[in-house]
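*Asks:* Attaching a single structure in structure tokens format; questions to follow.
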Amino acid sequence: MSYYAEPIARLLEELERLPGIGPKSAQRVAFHILKGDDETAQRLSDAIVEVKRQIHFCSRCFNFSAEDLCEYCADSTRDSSAICVVEEPRDVVAIERTGEFRGLYHVLQGAMSPIDGIGPDQLRVRELVLRLEDGSVSELVIATNPNVEGETTALYLARLIKPLGVKVTRIASGLPVGGDLEYADEVTLGRALEARREM
Ligand SMILES: [Zn+2]
């Protein structure tokens with residue numbers, strides 16, 4: 001049996017599905033919402049619905065965007081001769097925070113993991129190769145996570161793209177092996193970018 005009235009139990013169930021939210025956190029959030037006024041709850045609810053309605057993937061780099069092109073692809077002051085390849089949109093934010101990269105991005109939407117059946121065809125690899133075809137990109141900076149999947153993906157991309165005459169670099173470690181890019185502090189990630197090496 002549940003200790004809660006059905007609507008509360010339903011909210012708790014949904015909250016507990018969120019990453020990093022266990023039963024205790026879910027309870028804290030639910031009671032916070034219940035104690036607050038109706039407008040606050042409505043704003044939260046609207047923000048969730050609106051973000052799903054308005055945000056889709058940038059048609060060029062597959063970052064999150066409210067427009068056809070994301071803010072980076074649409075910015076003509078960015079250096080379009082360099083593309084930084086990352087796994088997820090959140091990694092774009094991590095790289096931007098370092099202030100060390102002024103080029104464009106390409107979001108793979110994951111990393112290769114043969115065990116899970118994720119190969120190049122499940123990622124935005126074909127779209128990346130298409131972006132390199134006109135010869136305007138001179139450097140590809142691979143900033144996949146420094147774990148097994150990220151390294152596998154980096155090696156695959158280097159082998160695929162170097163023959164196209166594009167310089168392929170990999171961000172240096174200094175990043176904890178097995179870690180996630182999004183948890184690295186700006187200084188560590190900034191240094192790793194500066195010390196990137198050719199693959
Ligand atoms: Zn974009």
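By order in the structure tokens, chains are A, B, ...; within a chain, residues start at 1; ligands start at 1, following the order shown.
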Set the distance at 12 Å and use only C-alpha atoms: which residues neighbour Ala30 (chain A) once local chain neighbours fewer than 6 positions away are removed? I'd like the list as a list in words.
*Replies:*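 Skipping anything fewer than 6 positions along the chain leaves Tyr4, Pro7, Ile8, Ala9, Arg10, Leu11, Leu12, Glu13, Glu14, Leu15, Glu16, Ile21, Pro23, Lys24, Gly36 and Ala41 of chain A.
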*Asks:* Emit the selected residues as a compact mmCIF listing (two decimals), in the first residue's frame, including C-alpha atoms.
*Replies:*
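Result written to again.txt:
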# COMPACT_ATOMS: atom_id res chain seq x y z
CA TYR A 4 0.32 8.88 -0.03
CA PRO A 7 -1.92 12.23 -6.96
CA ILE A 8 1.10 12.56 -4.66
CA ALA A 9 2.10 8.94 -5.27
CA ARG A 10 1.87 9.61 -9.02
CA LEU A 11 4.09 12.71 -8.77
CA LEU A 12 6.62 10.80 -6.66
CA GLU A 13 6.68 8.00 -9.20
CA GLU A 14 7.43 10.46 -12.04
CA LEU A 15 10.06 12.35 -10.05
CA GLU A 16 11.85 9.13 -9.13
CA ILE A 21 16.52 11.59 -7.87
CA PRO A 23 12.88 8.38 -3.11
CA LYS A 24 14.09 10.94 -0.51
CA GLY A 36 4.19 26.42 -2.85
CA ALA A 41 3.67 24.79 -9.86
*Asks:* May I have the residues within 8 Å of ligand 1, computed using only C-alpha atoms and all ligand atoms, as a tab-separated table (two decimals) with all heavy atoms, in the first residue's frame?
*Replies:*
chain	number	residue	atom	x	y	z
A	57	PHE	N	16.69	19.15	-32.47
A	57	PHE	CA	18.12	19.11	-32.76
A	57	PHE	C	18.48	20.06	-33.89
A	57	PHE	O	17.74	20.17	-34.88
A	57	PHE	CB	18.56	17.69	-33.12
A	57	PHE	CG	18.41	16.74	-31.97
A	57	PHE	CD1	17.57	15.65	-32.05
A	57	PHE	CD2	19.13	16.95	-30.80
A	57	PHE	CE1	17.43	14.78	-30.97
A	57	PHE	CE2	19.00	16.09	-29.72
A	57	PHE	CZ	18.15	14.99	-29.82
A	58	CYS	N	19.60	20.76	-33.74
A	58	CYS	CA	20.14	21.62	-34.80
A	58	CYS	C	20.32	20.77	-36.06
A	58	CYS	O	20.84	19.66	-36.00
A	58	CYS	CB	21.48	22.19	-34.33
A	58	CYS	SG	22.40	23.04	-35.64
A	59	SER	N	19.89	21.29	-37.19
A	59	SER	CA	19.93	20.49	-38.42
A	59	SER	C	21.36	20.27	-38.91
A	59	SER	O	21.60	19.40	-39.73
A	59	SER	CB	19.10	21.17	-39.51
A	59	SER	OG	19.70	22.40	-39.87
A	60	ARG	N	22.33	21.05	-38.40
A	60	ARG	CA	23.72	20.87	-38.83
A	60	ARG	C	24.54	20.06	-37.83
A	60	ARG	O	25.21	19.10	-38.21
A	60	ARG	CB	24.36	22.24	-39.06
A	60	ARG	CG	25.73	22.15	-39.72
A	60	ARG	CD	26.29	23.51	-40.02
A	60	ARG	NE	25.49	24.23	-41.00
A	60	ARG	CZ	25.54	25.56	-41.18
A	60	ARG	NH1	26.35	26.29	-40.44
A	60	ARG	NH2	24.81	26.13	-42.10
A	61	CYS	N	24.49	20.45	-36.55
A	61	CYS	CA	25.42	19.84	-35.58
A	61	CYS	C	24.73	18.92	-34.57
A	61	CYS	O	25.39	18.26	-33.79
A	61	CYS	CB	26.21	20.92	-34.85
A	61	CYS	SG	25.26	21.79	-33.58
A	62	PHE	N	23.39	18.91	-34.54
A	62	PHE	CA	22.62	18.03	-33.65
A	62	PHE	C	22.73	18.38	-32.17
A	62	PHE	O	22.47	17.55	-31.31
A	62	PHE	CB	22.93	16.54	-33.93
A	62	PHE	CG	22.63	16.19	-35.36
A	62	PHE	CD1	23.63	16.20	-36.31
A	62	PHE	CD2	21.33	15.95	-35.75
A	62	PHE	CE1	23.35	15.95	-37.65
A	62	PHE	CE2	21.05	15.70	-37.08
A	62	PHE	CZ	22.05	15.70	-38.03
A	63	ASN	N	23.13	19.63	-31.93
A	63	ASN	CA	23.01	20.19	-30.59
A	63	ASN	C	21.53	20.51	-30.36
A	63	ASN	O	20.76	20.57	-31.31
A	63	ASN	CB	23.83	21.48	-30.52
A	63	ASN	CG	23.94	22.04	-29.12
A	63	ASN	OD1	23.64	21.37	-28.13
A	63	ASN	ND2	24.38	23.29	-29.04
A	64	PHE	N	21.12	20.72	-29.12
A	64	PHE	CA	19.76	21.19	-28.87
A	64	PHE	C	19.60	22.60	-29.43
A	64	PHE	O	20.51	23.42	-29.35
A	64	PHE	CB	19.46	21.23	-27.37
A	64	PHE	CG	19.24	19.88	-26.76
A	64	PHE	CD1	19.79	19.56	-25.53
A	64	PHE	CD2	18.47	18.92	-27.41
A	64	PHE	CE1	19.59	18.32	-24.94
A	64	PHE	CE2	18.26	17.67	-26.84
A	64	PHE	CZ	18.82	17.38	-25.61
A	65	SER	N	18.44	22.89	-30.00
A	65	SER	CA	18.21	24.22	-30.54
A	65	SER	C	16.72	24.53	-30.60
A	65	SER	O	15.89	23.63	-30.81
A	65	SER	CB	18.80	24.31	-31.95
A	65	SER	OG	18.56	25.58	-32.49
A	69	LEU	N	18.96	26.22	-36.91
A	69	LEU	CA	20.37	26.13	-36.55
A	69	LEU	C	20.54	26.58	-35.10
A	69	LEU	O	19.89	27.52	-34.65
A	69	LEU	CB	21.21	27.04	-37.45
A	69	LEU	CG	21.39	26.61	-38.91
A	69	LEU	CD1	22.26	27.63	-39.65
A	69	LEU	CD2	21.98	25.21	-39.03
A	70	CYS	N	21.45	25.92	-34.38
A	70	CYS	CA	21.70	26.30	-32.99
A	70	CYS	C	22.47	27.62	-32.94
A	70	CYS	O	22.93	28.13	-33.96
A	70	CYS	CB	22.47	25.19	-32.26
A	70	CYS	SG	24.21	25.09	-32.73
A	71	GLU	N	22.65	28.15	-31.73
A	71	GLU	CA	23.31	29.46	-31.59
A	71	GLU	C	24.75	29.45	-32.11
A	71	GLU	O	25.24	30.48	-32.55
A	71	GLU	CB	23.27	29.89	-30.13
A	71	GLU	CG	23.94	28.90	-29.19
A	71	GLU	CD	23.77	29.29	-27.73
A	71	GLU	OE1	24.30	30.33	-27.32
A	71	GLU	OE2	23.11	28.53	-27.01
A	72	TYR	N	25.42	28.30	-32.06
A	72	TYR	CA	26.82	28.26	-32.51
A	72	TYR	C	26.89	28.19	-34.04
A	72	TYR	O	27.66	28.90	-34.66
A	72	TYR	CB	27.56	27.08	-31.87
A	72	TYR	CG	27.42	27.10	-30.37
A	72	TYR	CD1	26.63	26.16	-29.71
A	72	TYR	CD2	28.04	28.10	-29.62
A	72	TYR	CE1	26.47	26.21	-28.33
A	72	TYR	CE2	27.88	28.16	-28.25
A	72	TYR	CZ	27.10	27.21	-27.61
A	72	TYR	OH	26.92	27.27	-26.25
A	73	CYS	N	26.08	27.32	-34.62
A	73	CYS	CA	26.07	27.19	-36.08
A	73	CYS	C	25.60	28.49	-36.73
A	73	CYS	O	26.03	28.83	-37.83
A	73	CYS	CB	25.15	26.05	-36.50
A	73	CYS	SG	25.83	24.42	-36.13
A	74	ALA	N	24.72	29.23	-36.06
A	74	ALA	CA	24.18	30.46	-36.63
A	74	ALA	C	25.10	31.66	-36.42
A	74	ALA	O	24.87	32.72	-37.01
A	74	ALA	CB	22.81	30.75	-36.01
A	104	LEU	N	33.12	25.28	-34.32
A	104	LEU	CA	31.76	24.75	-34.31
A	104	LEU	C	31.76	23.37	-33.65
A	104	LEU	O	32.82	22.84	-33.30
A	104	LEU	CB	31.23	24.67	-35.75
A	104	LEU	CG	31.18	26.01	-36.49
A	104	LEU	CD1	30.70	25.80	-37.92
A	104	LEU	CD2	30.28	27.01	-35.77
A	105	TYR	N	30.58	22.80	-33.53
A	105	TYR	CA	30.44	21.52	-32.84
A	105	TYR	C	29.78	20.48	-33.74
A	105	TYR	O	29.14	20.80	-34.73
A	105	TYR	CB	29.60	21.68	-31.57
A	105	TYR	CG	30.31	22.47	-30.51
A	105	TYR	CD1	30.09	23.85	-30.39
A	105	TYR	CD2	31.21	21.86	-29.66
A	105	TYR	CE1	30.77	24.58	-29.42
A	105	TYR	CE2	31.90	22.58	-28.70
A	105	TYR	CZ	31.67	23.95	-28.59
A	105	TYR	OH	32.35	24.67	-27.63
A	106	HIS	N	29.95	19.22	-33.33
A	106	HIS	CA	29.13	18.15	-33.90
A	106	HIS	C	28.80	17.18	-32.77
A	106	HIS	O	29.70	16.64	-32.12
A	106	HIS	CB	29.86	17.42	-35.04
A	106	HIS	CG	28.95	16.53	-35.82
A	106	HIS	ND1	28.16	16.98	-36.85
A	106	HIS	CD2	28.66	15.21	-35.68
A	106	HIS	CE1	27.43	15.99	-37.33
A	106	HIS	NE2	27.71	14.90	-36.63
*Asks:* List as an MDAnalysis selection string the protein and nucleic acid residues near Gln54 (chain A), meaning an atom at most 9 Å away when only C-alpha atoms are counted, but skip any in the same chain fewer than 4 places from it.
*Replies:* chainID A and resid 49:50 65:67
*Asks:* Could the residues in this selection be written to a file with N, CA and C atoms, as a PDB file, in the first residue's frame?
*Replies:*
ATOM      1  N   VAL A  49       6.755  21.372 -20.373  1.00  0.00           N
ATOM      2  CA  VAL A  49       6.020  21.159 -21.625  1.00  0.00           C
ATOM      3  C   VAL A  49       6.644  21.977 -22.760  1.00  0.00           C
ATOM      4  N   GLU A  50       7.006  23.247 -22.456  1.00  0.00           N
ATOM      5  CA  GLU A  50       7.553  24.136 -23.493  1.00  0.00           C
ATOM      6  C   GLU A  50       8.917  23.664 -23.990  1.00  0.00           C
ATOM      7  N   SER A  65      18.437  22.885 -29.997  1.00  0.00           N
ATOM      8  CA  SER A  65      18.207  24.224 -30.543  1.00  0.00           C
ATOM      9  C   SER A  65      16.716  24.528 -30.604  1.00  0.00           C
ATOM     10  N   ALA A  66      16.389  25.807 -30.434  1.00  0.00           N
ATOM     11  CA  ALA A  66      14.991  26.227 -30.598  1.00  0.00           C
ATOM     12  C   ALA A  66      14.743  26.649 -32.044  1.00  0.00           C
ATOM     13  N   GLU A  67      15.824  26.846 -32.820  1.00  0.00           N
ATOM     14  CA  GLU A  67      15.716  27.243 -34.232  1.00  0.00           C
ATOM     15  C   GLU A  67      16.232  26.096 -35.101  1.00  0.00           C
TER      16      GLU A  67
END
*Asks:* As a ChimeraX atom specification, list the residues of region 86-193 of chain A assigned to helix (DSSP H, G or I) by DSSP on the backbone atoms of this structure.
*Replies:* /A:89-98,114-116,120-122,125-132,148-164,181-183,186-193
*Asks:* Tell me which protein, DNA and RNA residues are within 12 Å of Gly99 (chain A), counting only C-alpha atoms, leaving out same-chain ones fewer than 4 positions away, and put them as a PyMOL selection string.
*Replies:* chain A and resi 92-95+103+186-187+189-191+193-194
*Asks:* Using only C-alpha atoms, which of the listed residues (A:Val168, A:Ala184, A:Ile161, A:Leu155) sits closest to Asp91 (chain A)?
*Replies:*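 Of all the options, A:Ala184 lies closest to Asp91 (chain A).
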*Asks:* Kindly indicate which residue among A:Gly165, A:Pro89, A:Gly179, A:Gly22 lies nearest to Glu139 (chain A), using only C-alpha atoms for the distances.
*Replies:*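 Smallest separation from Glu139 (chain A) among the options: A:Gly165.
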*Asks:* So the first atom is CA of Glu198 (chain A) and the second is CA of Ile115 (chain A); what is the distance between them in Å, to one decimal place?
*Replies:*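 Pair CA of Glu198 (chain A) / CA of Ile115 (chain A) returns 28.1 Å.
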*Asks:* When you draw a straight line from CA of Arg53 (chain A) to CA of Glu127 (chain A), how long is it in Å?
*Replies:*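 About the pair CA of Arg53 (chain A) and CA of Glu127 (chain A): they are 24.2 Å apart.
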*Asks:* Just want the 12 Å neighbourhood of Pro163 (chain A), counted on only C-alpha atoms, with same-chain residues fewer than 6 positions away dropped. Output as JSON, numbers by chain.
*Replies:* {"A": [129, 132, 133, 157, 199]}
